[in-house]
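Here's the structure we're looking at; comments come further down.
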Amino acid sequence: MDMEKIVSLCRRRGFLFQSSEIYGGLNGFWDYGPLGVELKRNVKEAWWQDMVARHDDISTLPGAPASYEMTGLDCSIIMHPQVWKVSGHYDLFSDRMVDCRADGCKSRFREDHLGTSECPLKPSKKPGEFKACDLTEAREFNLMFKTIIGAMGTKDDEAFLRPETAQGIFVNFKNVCDSTRVKVPFGIAQVGKSFRNEITPRNFTFRSREFEQMEIEFFCHPKTSKEWYQFWRNRRFQWYIDHGLAEGRLQLRDHDPDELSHYSTGTADIEYAFPFLAEGEFGELEGIAHRGDFDLRSHMEGKLDPKSCPLEVEKGEDGKPLYKGSGRDLTYRDDQTNERFTPHVIEPSAGADRATLAFLCEAYTEDEAPDDKGNMKTRTLMKFHPRLAPMKAAVLPLVKKDGMPEIARELYRALKQKFPVFYDEKGAIGRRYRRQDEIGTPYCITIDGDTLKDKTVTLRDRDSLEQIRVKLDDVVAEVESRVR
Ligand code: ATP
C-alpha cells in the first residue's frame, strides 16, 4: 500500500488538508475537510456510543469482572499549572533531542528515533552516517506548549495547553462522585484536544502537535484492578477489529517491565501496521495502562519525583522536586462495606486522529471493475465500515429528465433526515459511481426508467458491486438497516 496515494486522495477528495496551506502550511497541524470532519466525527461518536452512551450498566458485559457504570466529562484545555507539576508533566514530559550542526542540514531529531530517522541530505541515510554529520549531545525538551493567562505576562501567569485529557478527569473525580450516584467500579470518559510540541511531527497526522484524544479513566477496587485491566485491554482491541481494521495488521503488545512507568503494573499498546512504517513495524493507536492509585494519590498528597529533574522547580530538603497536592480527600467510601480506599485506575487512552488515520489506511483499496462500456478498469475505493463512512448513501438519477431528478431529490431529502447522503445528477453514471467509491459511500441508489414504471430503484453495493432492485417506498428503511 502506497502512503502517497492515500495522502493524495485525502487532499483531492477533501478528507485532510495541511493547516494554513495558503501560507505554506504549519508543520504538525492539520485541518479536516468536508469528508474528513464526517469521518472523524463518526470515529469519536462510535467510541462514545459504545463506551459511554449505550453502555449497559445493568448486566455484566462478557469478560467484565462485574457490572459497571460509565459517565463523561468535557474539561478545559488550560488547567491550573499545579496540575501539571503534580502529574509529573512539568518535569518529566520531555523528549531528548539532538541537533545536526552540519551546513545544509540543521535538522532536529528525537534521540530515541535516530535509528529510524532519515538525514535530509541526499542520498538519504540515517543521522550520523554522513561524514559531514555534526550531531550535538542530546538535550531534554519539554513537550508542553506554554501560554500566558491575562495581560501582565509574568512567570506567575504562565500556563500550559493540556498534553493529555486524563488530568481533567482525575481532578474532577470528587465532583463526579458527589454530583452523581456513580459507584466504584465506574469509568469517566472524555474526548478532546491535546497539544504536544513534538520535536519531529511526521507521518501525516500520526504525530501531530495538536490532536484529539479519547480517554477513559476507570476507577475500581485495588483487589479487582488486574481483572479490569485485562477486560479493557481485550475490549479495546476488539473495538478496532469490529470497525474494520484487519486483525493481521493489529497487535496488542504488552510493555516489557523496563518500559513501564514506575507506578504502572501493566501497560499494553494496541498497534497498527501503518503503511508508512517498515515491514514488521507497528505504530501505537492506543495505550491501556494500569496506573494504580498514582494519580489520585498525587493530587491528594503531592509528590516527590523519583527521577532527577531537568527543570527548575521547588525542591525538598533532600534536593528532589517537591510539589504540594490539593490536600483534598480523593478517597472513596464503599457505602455497603464502609471500606474507605483510594481507587485504582485503568486507563484506555486512544487517539482520535490516529484511529481515523488507521481507518483511512485500511479502507484504501484498488481493484478491477467494469466501466460504462464493460471494459475492466482499475478502481479506487475506500472500504470504510458503514458506521464510519462519511456519506452513507448517494442518490443518482440516471438522466436529468423524465421526472427522474424530482423522484431522486425527494428520496434524497427523506434519507437526509437520517444520515449524511450525497446527491449527484452530473455526468455518466459509471463516473458517478466511481466518485462515490473513492469517498467510501457504501450504497448508491439509482433512479432509472424502471423506477417510472414499477416504482423500484437500483441499490448498488460499493464492495461487491452487486445491484438489486428495491421498492422506492422501502429504500430508506433498507439503507438504514444496512448502515446501522
Ligand atoms: P508516542 O509514543 O507515539 O509518542 P505516547 O505513548 O506518548 O505516543 P500516550 O501519551 O499514551 O502516547 O497518548 C495516548 C494516545 O494519544 C496515543 O496512543 C495516540 O493515539 C495519541 N497521541 C499521542 N501523541 C500524539 C500525537 N503527537 N499525534 C497524534 N496522536 C497522538
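How things are named: the first chain in the C-alpha cells is A, the next is B, and so on; residues count from 1 in each chain; ligands count from 1 in the order shown.
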Against ligand 1, which residues of chain A fall within 9 Å? For each one I want the closest pair of atoms and the distance in Å (one decimal), counting only C-alpha atoms and all ligand atoms, rows by chain and increasing residue number, as a Markdown table.
| residue | atom | partner | partner_atom_place_in_ligand_line | distance |
| --- | --- | --- | --- | --- |
| A:Gly28 | CA | ligand 1 | 27 (N) | 8.3 |
| A:Pro163 | CA | ligand 1 | 10 (O) | 8.1 |
| A:Glu164 | CA | ligand 1 | 10 (O) | 7.0 |
| A:Ser194 | CA | ligand 1 | 25 (C) | 8.3 |
| A:Phe195 | CA | ligand 1 | 27 (N) | 7.6 |
| A:Arg196 | CA | ligand 1 | 27 (N) | 6.1 |
| A:Asn197 | CA | ligand 1 | 27 (N) | 8.0 |
| A:Glu198 | CA | ligand 1 | 27 (N) | 6.2 |
| A:Pro201 | CA | ligand 1 | 27 (N) | 6.9 |
| A:Arg202 | CA | ligand 1 | 27 (N) | 8.9 |
| A:Thr205 | CA | ligand 1 | 29 (C) | 6.3 |
| A:Phe206 | CA | ligand 1 | 29 (C) | 5.0 |
| A:Arg207 | CA | ligand 1 | 28 (N) | 3.6 |
| A:Ser208 | CA | ligand 1 | 28 (N) | 3.9 |
| A:Arg209 | CA | ligand 1 | 27 (N) | 5.4 |
| A:Glu210 | CA | ligand 1 | 28 (N) | 6.8 |
| A:Phe211 | CA | ligand 1 | 29 (C) | 5.1 |
| A:Glu212 | CA | ligand 1 | 30 (N) | 6.8 |
| A:Gln213 | CA | ligand 1 | 16 (O) | 5.5 |
| A:Met214 | CA | ligand 1 | 16 (O) | 7.8 |
| A:Glu215 | CA | ligand 1 | 14 (C) | 7.9 |
| A:Asp269 | CA | ligand 1 | 18 (O) | 7.4 |
| A:Ile270 | CA | ligand 1 | 18 (O) | 7.9 |
| A:Glu271 | CA | ligand 1 | 18 (O) | 8.5 |
| A:Gly283 | CA | ligand 1 | 3 (O) | 7.0 |
| A:Glu284 | CA | ligand 1 | 18 (O) | 5.2 |
| A:Leu285 | CA | ligand 1 | 20 (O) | 4.3 |
| A:Glu286 | CA | ligand 1 | 18 (O) | 3.5 |
| A:Gly287 | CA | ligand 1 | 18 (O) | 5.1 |
| A:Ile288 | CA | ligand 1 | 11 (O) | 8.0 |
| A:Ala289 | CA | ligand 1 | 11 (O) | 8.6 |
| A:Pro348 | CA | ligand 1 | 14 (C) | 8.2 |
| A:Ser349 | CA | ligand 1 | 14 (C) | 4.8 |
| A:Ala350 | CA | ligand 1 | 15 (C) | 4.5 |
| A:Gly351 | CA | ligand 1 | 20 (O) | 3.2 |
| A:Ala352 | CA | ligand 1 | 20 (O) | 6.7 |
| A:Asp353 | CA | ligand 1 | 29 (C) | 5.9 |
| A:Arg354 | CA | ligand 1 | 20 (O) | 5.2 |
| A:Ala355 | CA | ligand 1 | 20 (O) | 7.0 |
Emit the selected residues as a PDB file, in the first residue's frame, including C-alpha atoms.
ATOM      1  CA  GLY A  28       2.422  19.288  12.773  1.00  0.00           C
ATOM      2  CA  PRO A 163      -0.825  17.433  26.792  1.00  0.00           C
ATOM      3  CA  GLU A 164      -3.485  14.835  27.675  1.00  0.00           C
ATOM      4  CA  SER A 194      -4.472  17.775  23.446  1.00  0.00           C
ATOM      5  CA  PHE A 195      -1.278  19.561  22.481  1.00  0.00           C
ATOM      6  CA  ARG A 196       2.312  18.355  22.391  1.00  0.00           C
ATOM      7  CA  ASN A 197       5.189  20.331  20.976  1.00  0.00           C
ATOM      8  CA  GLU A 198       6.562  17.239  19.222  1.00  0.00           C
ATOM      9  CA  PRO A 201       5.919  15.773  13.757  1.00  0.00           C
ATOM     10  CA  ARG A 202       5.645  13.354  10.859  1.00  0.00           C
ATOM     11  CA  THR A 205      -1.467  13.040  11.132  1.00  0.00           C
ATOM     12  CA  PHE A 206       0.183  10.194  13.083  1.00  0.00           C
ATOM     13  CA  ARG A 207       2.394  12.534  15.085  1.00  0.00           C
ATOM     14  CA  SER A 208       0.815  15.984  15.196  1.00  0.00           C
ATOM     15  CA  ARG A 209       1.282  18.868  17.597  1.00  0.00           C
ATOM     16  CA  GLU A 210      -2.467  19.334  18.060  1.00  0.00           C
ATOM     17  CA  PHE A 211      -4.598  16.203  18.191  1.00  0.00           C
ATOM     18  CA  GLU A 212      -7.655  14.706  19.814  1.00  0.00           C
ATOM     19  CA  GLN A 213      -7.728  12.004  22.445  1.00  0.00           C
ATOM     20  CA  MET A 214     -10.484   9.666  23.558  1.00  0.00           C
ATOM     21  CA  GLU A 215      -9.655   8.671  27.099  1.00  0.00           C
ATOM     22  CA  ASP A 269      -0.356  -0.853  23.419  1.00  0.00           C
ATOM     23  CA  ILE A 270      -2.761  -1.521  20.590  1.00  0.00           C
ATOM     24  CA  GLU A 271      -0.648  -1.086  17.489  1.00  0.00           C
ATOM     25  CA  GLY A 283       2.618   2.284  15.383  1.00  0.00           C
ATOM     26  CA  GLU A 284       0.663   2.953  18.574  1.00  0.00           C
ATOM     27  CA  LEU A 285      -3.077   3.552  18.274  1.00  0.00           C
ATOM     28  CA  GLU A 286      -3.974   3.342  21.935  1.00  0.00           C
ATOM     29  CA  GLY A 287      -2.360   2.561  25.266  1.00  0.00           C
ATOM     30  CA  ILE A 288      -4.123   0.710  28.081  1.00  0.00           C
ATOM     31  CA  ALA A 289      -2.376   1.301  31.395  1.00  0.00           C
ATOM     32  CA  PRO A 348      -7.549   3.158  27.950  1.00  0.00           C
ATOM     33  CA  SER A 349      -6.122   6.181  26.119  1.00  0.00           C
ATOM     34  CA  ALA A 350      -6.777   6.399  22.385  1.00  0.00           C
ATOM     35  CA  GLY A 351      -6.019   8.997  19.736  1.00  0.00           C
ATOM     36  CA  ALA A 352      -8.963  10.051  17.562  1.00  0.00           C
ATOM     37  CA  ASP A 353      -6.656  11.193  14.771  1.00  0.00           C
ATOM     38  CA  ARG A 354      -4.527   8.052  14.815  1.00  0.00           C
ATOM     39  CA  ALA A 355      -7.653   5.873  14.775  1.00  0.00           C
TER      40      ALA A 355
END
Any chance you could list, as a PyMOL selection string, the residues in range 86-281 of chain A that come up strand (DSSP E) when DSSP is run on the backbone? chain A and resi 94-99+108-110+139-142+146-148+158-160+186-195+210-220+250-254+266-272
Output the selection as a short mmCIF file (atom, residue, chain, number, x, y, z; two decimals), in the first residue's frame - N, CA and C atoms for each residue.
data_model
loop_
_atom_site.label_atom_id
_atom_site.label_comp_id
_atom_site.auth_asym_id
_atom_site.auth_seq_id
_atom_site.Cartn_x
_atom_site.Cartn_y
_atom_site.Cartn_z
N SER A 94 9.17 15.04 28.70
CA SER A 94 10.11 15.60 27.75
C SER A 94 10.68 14.50 26.88
N ASP A 95 11.15 14.91 25.71
CA ASP A 95 11.90 14.01 24.85
C ASP A 95 13.31 14.54 24.78
N ARG A 96 14.25 13.67 24.45
CA ARG A 96 15.64 14.13 24.28
C ARG A 96 15.86 14.42 22.81
N MET A 97 16.32 15.65 22.52
CA MET A 97 16.50 15.99 21.11
C MET A 97 17.98 16.18 20.77
N VAL A 98 18.26 15.92 19.51
CA VAL A 98 19.62 16.03 19.01
C VAL A 98 19.57 16.93 17.78
N ASP A 99 20.47 17.91 17.69
CA ASP A 99 20.53 18.77 16.50
C ASP A 99 21.73 18.39 15.66
N ARG A 108 16.70 18.58 13.28
CA ARG A 108 16.49 18.22 14.69
C ARG A 108 15.89 16.82 14.72
N PHE A 109 16.37 15.98 15.60
CA PHE A 109 15.86 14.60 15.70
C PHE A 109 15.55 14.26 17.14
N ARG A 110 14.64 13.29 17.32
CA ARG A 110 14.44 12.74 18.66
C ARG A 110 15.50 11.69 18.87
N ARG A 139 19.61 16.86 24.35
CA ARG A 139 19.12 17.79 25.38
C ARG A 139 17.65 17.49 25.66
N GLU A 140 17.24 17.70 26.92
CA GLU A 140 15.83 17.49 27.29
C GLU A 140 15.00 18.62 26.70
N PHE A 141 13.82 18.27 26.20
CA PHE A 141 12.94 19.29 25.63
C PHE A 141 11.52 18.99 26.10
N ASN A 142 10.96 19.88 26.92
CA ASN A 142 9.61 19.63 27.44
C ASN A 142 8.58 19.82 26.34
N LYS A 146 3.51 26.29 26.11
CA LYS A 146 3.29 27.31 27.15
C LYS A 146 2.37 28.39 26.61
N THR A 147 1.62 28.98 27.52
CA THR A 147 0.86 30.17 27.15
C THR A 147 0.81 31.09 28.36
N ILE A 148 0.22 32.25 28.17
CA ILE A 148 0.16 33.25 29.24
C ILE A 148 -1.30 33.57 29.53
N GLU A 158 2.16 32.08 33.75
CA GLU A 158 2.44 31.02 32.80
C GLU A 158 1.47 29.85 32.99
N ALA A 159 0.96 29.35 31.88
CA ALA A 159 0.08 28.17 31.94
C ALA A 159 0.41 27.28 30.75
N PHE A 160 -0.25 26.14 30.69
CA PHE A 160 0.08 25.15 29.65
C PHE A 160 -1.17 24.66 28.94
N PHE A 186 -16.50 2.36 38.23
CA PHE A 186 -17.09 3.18 37.18
C PHE A 186 -15.99 3.86 36.38
N GLY A 187 -16.38 4.33 35.18
CA GLY A 187 -15.41 4.99 34.32
C GLY A 187 -15.88 6.39 33.97
N ILE A 188 -14.92 7.30 33.79
CA ILE A 188 -15.23 8.64 33.28
C ILE A 188 -14.50 8.79 31.95
N ALA A 189 -15.26 9.22 30.93
CA ALA A 189 -14.69 9.32 29.59
C ALA A 189 -14.60 10.79 29.18
N GLN A 190 -13.63 11.06 28.34
CA GLN A 190 -13.52 12.42 27.80
C GLN A 190 -12.91 12.36 26.40
N VAL A 191 -13.46 13.18 25.50
CA VAL A 191 -12.89 13.33 24.16
C VAL A 191 -12.51 14.79 24.01
N GLY A 192 -11.30 15.05 23.60
CA GLY A 192 -10.95 16.46 23.43
C GLY A 192 -9.54 16.66 22.94
N LYS A 193 -9.24 17.92 22.63
CA LYS A 193 -7.94 18.28 22.07
C LYS A 193 -6.83 18.19 23.10
N SER A 194 -5.69 17.73 22.65
CA SER A 194 -4.47 17.77 23.45
C SER A 194 -3.37 18.34 22.56
N PHE A 195 -2.34 18.87 23.21
CA PHE A 195 -1.28 19.56 22.48
C PHE A 195 0.08 19.08 22.97
N GLU A 210 -1.12 19.15 17.51
CA GLU A 210 -2.47 19.33 18.06
C GLU A 210 -3.27 18.12 17.62
N PHE A 211 -3.87 17.42 18.56
CA PHE A 211 -4.60 16.20 18.19
C PHE A 211 -5.71 15.96 19.20
N GLU A 212 -6.55 14.99 18.89
CA GLU A 212 -7.65 14.71 19.81
C GLU A 212 -7.47 13.34 20.45
N GLN A 213 -7.80 13.28 21.73
CA GLN A 213 -7.73 12.00 22.45
C GLN A 213 -9.12 11.55 22.85
N MET A 214 -9.24 10.26 23.04
CA MET A 214 -10.48 9.67 23.56
C MET A 214 -10.02 8.82 24.74
N GLU A 215 -10.24 9.34 25.93
CA GLU A 215 -9.65 8.67 27.10
C GLU A 215 -10.72 8.25 28.10
N ILE A 216 -10.43 7.14 28.77
CA ILE A 216 -11.28 6.67 29.88
C ILE A 216 -10.38 6.49 31.10
N GLU A 217 -10.82 7.00 32.23
CA GLU A 217 -10.18 6.64 33.50
C GLU A 217 -11.20 5.77 34.21
N PHE A 218 -10.82 4.53 34.44
CA PHE A 218 -11.75 3.58 35.04
C PHE A 218 -11.32 3.31 36.48
N PHE A 219 -12.21 3.64 37.42
CA PHE A 219 -11.87 3.56 38.84
C PHE A 219 -12.43 2.27 39.44
N CYS A 220 -11.55 1.49 40.07
CA CYS A 220 -12.00 0.21 40.61
C CYS A 220 -11.31 -0.09 41.94
N LEU A 250 -3.05 -5.68 13.16
CA LEU A 250 -3.13 -5.14 14.53
C LEU A 250 -2.32 -6.01 15.46
N GLN A 251 -1.79 -5.39 16.51
CA GLN A 251 -1.22 -6.23 17.57
C GLN A 251 -1.44 -5.57 18.92
N LEU A 252 -1.56 -6.43 19.93
CA LEU A 252 -1.73 -5.98 21.30
C LEU A 252 -0.42 -6.33 21.99
N ARG A 253 0.38 -5.29 22.23
CA ARG A 253 1.75 -5.55 22.71
C ARG A 253 1.89 -5.15 24.17
N ASP A 254 2.20 -6.12 25.02
CA ASP A 254 2.43 -5.82 26.44
C ASP A 254 3.80 -5.19 26.60
N GLY A 266 1.09 -2.65 34.70
CA GLY A 266 0.84 -3.27 33.40
C GLY A 266 0.43 -2.22 32.38
N THR A 267 0.99 -2.28 31.21
CA THR A 267 0.57 -1.41 30.11
C THR A 267 0.65 -2.22 28.84
N ALA A 268 -0.38 -2.06 28.00
CA ALA A 268 -0.36 -2.73 26.70
C ALA A 268 -0.69 -1.69 25.65
N ASP A 269 -0.04 -1.76 24.52
CA ASP A 269 -0.36 -0.85 23.42
C ASP A 269 -1.09 -1.62 22.33
N ILE A 270 -2.12 -0.99 21.78
CA ILE A 270 -2.76 -1.52 20.59
C ILE A 270 -2.06 -0.85 19.42
N GLU A 271 -1.48 -1.65 18.55
CA GLU A 271 -0.65 -1.09 17.49
C GLU A 271 -1.13 -1.55 16.12
N TYR A 272 -0.89 -0.70 15.13
CA TYR A 272 -1.36 -0.97 13.77
C TYR A 272 -0.17 -0.86 12.80
#
Near Lys223 in chain A, counting only C-alpha atoms, which residues have an atom at most 12 Å away, once you skip same-chain residues fewer than 5 positions from it, shown as a PyMOL selection string? chain A and resi 65+185+228-229+292+341-345
Next, write the just-selected residues to a file, as an mmCIF file, in the first residue's frame, keeping N, CA and C atoms as the atom set.
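After the write, out.cif holds the following:
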data_model
loop_
_atom_site.group_PDB
_atom_site.id
_atom_site.type_symbol
_atom_site.label_atom_id
_atom_site.label_comp_id
_atom_site.auth_asym_id
_atom_site.auth_seq_id
_atom_site.Cartn_x
_atom_site.Cartn_y
_atom_site.Cartn_z
ATOM 1 N N PRO A 65 -15.373 -8.265 35.048
ATOM 2 C CA PRO A 65 -15.486 -8.896 36.361
ATOM 3 C C PRO A 65 -16.824 -8.607 37.042
ATOM 4 N N PRO A 185 -17.194 -0.023 40.802
ATOM 5 C CA PRO A 185 -16.382 0.413 39.672
ATOM 6 C C PRO A 185 -17.148 1.279 38.675
ATOM 7 N N TRP A 228 -9.835 -5.977 35.774
ATOM 8 C CA TRP A 228 -10.349 -4.873 34.951
ATOM 9 C C TRP A 228 -9.350 -4.481 33.869
ATOM 10 N N TYR A 229 -8.089 -4.548 34.232
ATOM 11 C CA TYR A 229 -7.050 -4.239 33.235
ATOM 12 C C TYR A 229 -7.156 -5.207 32.047
ATOM 13 N N GLY A 292 -2.560 2.134 38.866
ATOM 14 C CA GLY A 292 -2.620 2.030 40.321
ATOM 15 C C GLY A 292 -3.348 3.232 40.908
ATOM 16 N N PHE A 341 -11.065 3.563 50.581
ATOM 17 C CA PHE A 341 -9.829 3.228 49.868
ATOM 18 C C PHE A 341 -9.592 4.221 48.727
ATOM 19 N N THR A 342 -8.383 4.248 48.230
ATOM 20 C CA THR A 342 -8.080 5.053 47.039
ATOM 21 C C THR A 342 -8.234 4.130 45.831
ATOM 22 N N PRO A 343 -9.202 4.438 44.960
ATOM 23 C CA PRO A 343 -9.420 3.520 43.824
ATOM 24 C C PRO A 343 -8.178 3.376 42.943
ATOM 25 N N HIS A 344 -8.047 2.222 42.344
ATOM 26 C CA HIS A 344 -7.021 2.033 41.325
ATOM 27 C C HIS A 344 -7.613 2.397 39.965
ATOM 28 N N VAL A 345 -6.741 2.765 39.045
ATOM 29 C CA VAL A 345 -7.210 3.301 37.768
ATOM 30 C C VAL A 345 -6.674 2.473 36.592
#
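Proximity to range 81-89 of chain A at 8 Å, evaluated using only C-alpha atoms and with sequence-adjacent residues fewer than 2 positions away removed, yields Met79, Asp91, Leu92, Phe93, Ser94, Met144, Glu158, Ala159, Phe160, Gln167, Asp295, Ser298, His299, Gly302, Lys303, Asp305, Tyr323, Lys324 and Gly325 of chain A.
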Just the selected residues (N, CA and C atoms), exported as a PDB file, in the first residue's frame, please.
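Output file selection_6.pdb is given in full below:
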ATOM      1  N   MET A  79      -5.498  24.330  32.359  1.00  0.00           N
ATOM      2  CA  MET A  79      -5.857  23.998  33.740  1.00  0.00           C
ATOM      3  C   MET A  79      -4.859  24.678  34.681  1.00  0.00           C
ATOM      4  N   ASP A  91       8.003  18.247  34.870  1.00  0.00           N
ATOM      5  CA  ASP A  91       9.402  17.832  34.973  1.00  0.00           C
ATOM      6  C   ASP A  91       9.784  16.737  33.991  1.00  0.00           C
ATOM      7  N   LEU A  92       8.840  15.851  33.749  1.00  0.00           N
ATOM      8  CA  LEU A  92       9.245  14.602  33.092  1.00  0.00           C
ATOM      9  C   LEU A  92       8.686  14.407  31.694  1.00  0.00           C
ATOM     10  N   PHE A  93       7.761  15.277  31.283  1.00  0.00           N
ATOM     11  CA  PHE A  93       7.155  15.057  29.976  1.00  0.00           C
ATOM     12  C   PHE A  93       8.040  15.670  28.905  1.00  0.00           C
ATOM     13  N   SER A  94       9.170  15.037  28.702  1.00  0.00           N
ATOM     14  CA  SER A  94      10.111  15.603  27.750  1.00  0.00           C
ATOM     15  C   SER A  94      10.682  14.504  26.878  1.00  0.00           C
ATOM     16  N   MET A 144       5.323  20.325  26.554  1.00  0.00           N
ATOM     17  CA  MET A 144       4.096  21.097  26.800  1.00  0.00           C
ATOM     18  C   MET A 144       4.185  22.486  26.166  1.00  0.00           C
ATOM     19  N   GLU A 158       2.161  32.081  33.753  1.00  0.00           N
ATOM     20  CA  GLU A 158       2.442  31.020  32.795  1.00  0.00           C
ATOM     21  C   GLU A 158       1.469  29.847  32.985  1.00  0.00           C
ATOM     22  N   ALA A 159       0.962  29.347  31.880  1.00  0.00           N
ATOM     23  CA  ALA A 159       0.079  28.172  31.938  1.00  0.00           C
ATOM     24  C   ALA A 159       0.412  27.276  30.748  1.00  0.00           C
ATOM     25  N   PHE A 160      -0.249  26.137  30.687  1.00  0.00           N
ATOM     26  CA  PHE A 160       0.084  25.146  29.649  1.00  0.00           C
ATOM     27  C   PHE A 160      -1.170  24.660  28.942  1.00  0.00           C
ATOM     28  N   GLN A 167      -5.856  14.313  32.957  1.00  0.00           N
ATOM     29  CA  GLN A 167      -5.766  15.022  34.243  1.00  0.00           C
ATOM     30  C   GLN A 167      -7.066  15.737  34.604  1.00  0.00           C
ATOM     31  N   ASP A 295      -2.329   8.601  40.372  1.00  0.00           N
ATOM     32  CA  ASP A 295      -2.841   9.936  40.038  1.00  0.00           C
ATOM     33  C   ASP A 295      -3.676  10.534  41.165  1.00  0.00           C
ATOM     34  N   SER A 298      -1.366  11.387  44.022  1.00  0.00           N
ATOM     35  CA  SER A 298      -0.559  12.584  43.751  1.00  0.00           C
ATOM     36  C   SER A 298      -1.385  13.848  43.942  1.00  0.00           C
ATOM     37  N   HIS A 299      -2.625  13.836  43.444  1.00  0.00           N
ATOM     38  CA  HIS A 299      -3.442  15.050  43.568  1.00  0.00           C
ATOM     39  C   HIS A 299      -3.916  15.278  45.006  1.00  0.00           C
ATOM     40  N   GLY A 302       0.438  15.391  46.722  1.00  0.00           N
ATOM     41  CA  GLY A 302       1.615  15.932  46.053  1.00  0.00           C
ATOM     42  C   GLY A 302       2.598  14.806  45.856  1.00  0.00           C
ATOM     43  N   LYS A 303       3.782  15.129  45.377  1.00  0.00           N
ATOM     44  CA  LYS A 303       4.683  14.009  45.162  1.00  0.00           C
ATOM     45  C   LYS A 303       6.137  14.426  45.182  1.00  0.00           C
ATOM     46  N   ASP A 305       9.395  13.513  43.137  1.00  0.00           N
ATOM     47  CA  ASP A 305       9.739  12.836  41.892  1.00  0.00           C
ATOM     48  C   ASP A 305      10.874  11.835  42.071  1.00  0.00           C
ATOM     49  N   TYR A 323       6.291  18.872  45.211  1.00  0.00           N
ATOM     50  CA  TYR A 323       5.088  19.611  44.838  1.00  0.00           C
ATOM     51  C   TYR A 323       3.993  19.340  45.837  1.00  0.00           C
ATOM     52  N   LYS A 324       3.246  20.368  46.136  1.00  0.00           N
ATOM     53  CA  LYS A 324       2.116  20.181  47.051  1.00  0.00           C
ATOM     54  C   LYS A 324       0.934  19.682  46.250  1.00  0.00           C
ATOM     55  N   GLY A 325       0.214  18.710  46.812  1.00  0.00           N
ATOM     56  CA  GLY A 325      -1.025  18.264  46.198  1.00  0.00           C
ATOM     57  C   GLY A 325      -2.143  19.217  46.578  1.00  0.00           C
TER      58      GLY A 325
END
Could the residues of range 261-376 of chain A that have an atom at most 12 Å from range 417-438 of chain A be listed as a tab-separated table, each with its closest atom pair and the distance in Å to one decimal, counting only C-alpha atoms and ordered by chain and ascending residue number?
residue	atom	partner	partner_atom	distance
A:Leu360	CA	A:Glu438	CA	11.4
A:Ala363	CA	A:Glu438	CA	10.0
A:Tyr364	CA	A:Glu438	CA	8.6
A:Thr365	CA	A:Glu438	CA	9.1
A:Glu366	CA	A:Glu438	CA	9.7
A:Asp367	CA	A:Asp437	CA	11.1
A:Glu368	CA	A:Arg434	CA	11.7
A:Ala369	CA	A:Arg434	CA	9.8
A:Pro370	CA	A:Gly430	CA	8.9
A:Asp371	CA	A:Gly430	CA	6.1
A:Asp372	CA	A:Gly430	CA	5.3
A:Lys373	CA	A:Gly430	CA	9.1
A:Gly374	CA	A:Gly430	CA	10.1
A:Asn375	CA	A:Gly430	CA	11.5
Could you check the closest approach to Cys177 in chain A for each of A:Asp242, A:Asp474, A:Glu347, A:Asp334 and tell me which residue wins, using only C-alpha atoms?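 Using only C-alpha atoms, the shortest distance to Cys177 in chain A belongs to A:Asp334.
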Please report, as JSON lines, each residue of range 218-279 of chain A lying at most 12 Å from range 33-45 of chain A, together with the nearest pair of atoms and the separation in Å rounded to one decimal; use only C-alpha atoms, and order rows by chain and ascending residue number.
{"residue": "A:Trp239", "atom": "CA", "partner": "A:Val43", "partner_atom": "CA", "distance": 11.1}
{"residue": "A:Tyr240", "atom": "CA", "partner": "A:Val43", "partner_atom": "CA", "distance": 10.4}
{"residue": "A:His243", "atom": "CA", "partner": "A:Val43", "partner_atom": "CA", "distance": 9.2}
{"residue": "A:Gly244", "atom": "CA", "partner": "A:Val43", "partner_atom": "CA", "distance": 11.8}
Emit the selected residues as a short mmCIF file (atom, residue, chain, number, x, y, z; two decimals), in the first residue's frame, including all heavy atoms.
data_model
loop_
_atom_site.label_atom_id
_atom_site.label_comp_id
_atom_site.auth_asym_id
_atom_site.auth_seq_id
_atom_site.Cartn_x
_atom_site.Cartn_y
_atom_site.Cartn_z
N TRP A 239 -12.57 -3.61 19.68
CA TRP A 239 -13.31 -2.47 19.10
C TRP A 239 -12.74 -2.08 17.73
O TRP A 239 -13.49 -1.79 16.80
CB TRP A 239 -13.23 -1.27 20.06
CG TRP A 239 -14.12 -0.13 19.69
CD1 TRP A 239 -15.45 0.00 19.99
CD2 TRP A 239 -13.76 1.06 18.97
NE1 TRP A 239 -15.93 1.20 19.50
CE2 TRP A 239 -14.91 1.87 18.87
CE3 TRP A 239 -12.57 1.52 18.39
CZ2 TRP A 239 -14.91 3.11 18.22
CZ3 TRP A 239 -12.57 2.75 17.75
CH2 TRP A 239 -13.74 3.54 17.67
N TYR A 240 -11.44 -2.12 17.59
CA TYR A 240 -10.83 -1.77 16.30
C TYR A 240 -11.14 -2.83 15.24
O TYR A 240 -11.38 -2.51 14.08
CB TYR A 240 -9.31 -1.59 16.45
CG TYR A 240 -8.95 -0.38 17.27
CD1 TYR A 240 -8.65 -0.49 18.62
CD2 TYR A 240 -8.96 0.89 16.70
CE1 TYR A 240 -8.34 0.64 19.39
CE2 TYR A 240 -8.66 2.02 17.46
CZ TYR A 240 -8.35 1.89 18.79
OH TYR A 240 -8.07 3.01 19.54
N HIS A 243 -14.60 -2.49 13.88
CA HIS A 243 -14.79 -1.36 12.97
C HIS A 243 -13.93 -1.46 11.72
O HIS A 243 -13.70 -0.47 11.02
CB HIS A 243 -14.59 -0.03 13.70
CG HIS A 243 -15.72 0.24 14.65
ND1 HIS A 243 -15.75 -0.26 15.93
CD2 HIS A 243 -16.90 0.87 14.46
CE1 HIS A 243 -16.88 0.07 16.50
NE2 HIS A 243 -17.61 0.76 15.63
N GLY A 244 -13.43 -2.67 11.46
CA GLY A 244 -12.86 -2.93 10.14
C GLY A 244 -11.36 -3.04 10.04
O GLY A 244 -10.85 -3.34 8.96
#
A straight line from CA of Ile199 in chain A to CA of Glu137 in chain A spans 15.3 Å
Nearest to Ser225 in chain A by atom-to-atom distance, counting only C-alpha atoms, from A:Glu111, A:Met382, A:Ala64, A:Cys105: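 Looking only at the distances to Ser225 in chain A, the closest residue turns out to be A:Ala64.
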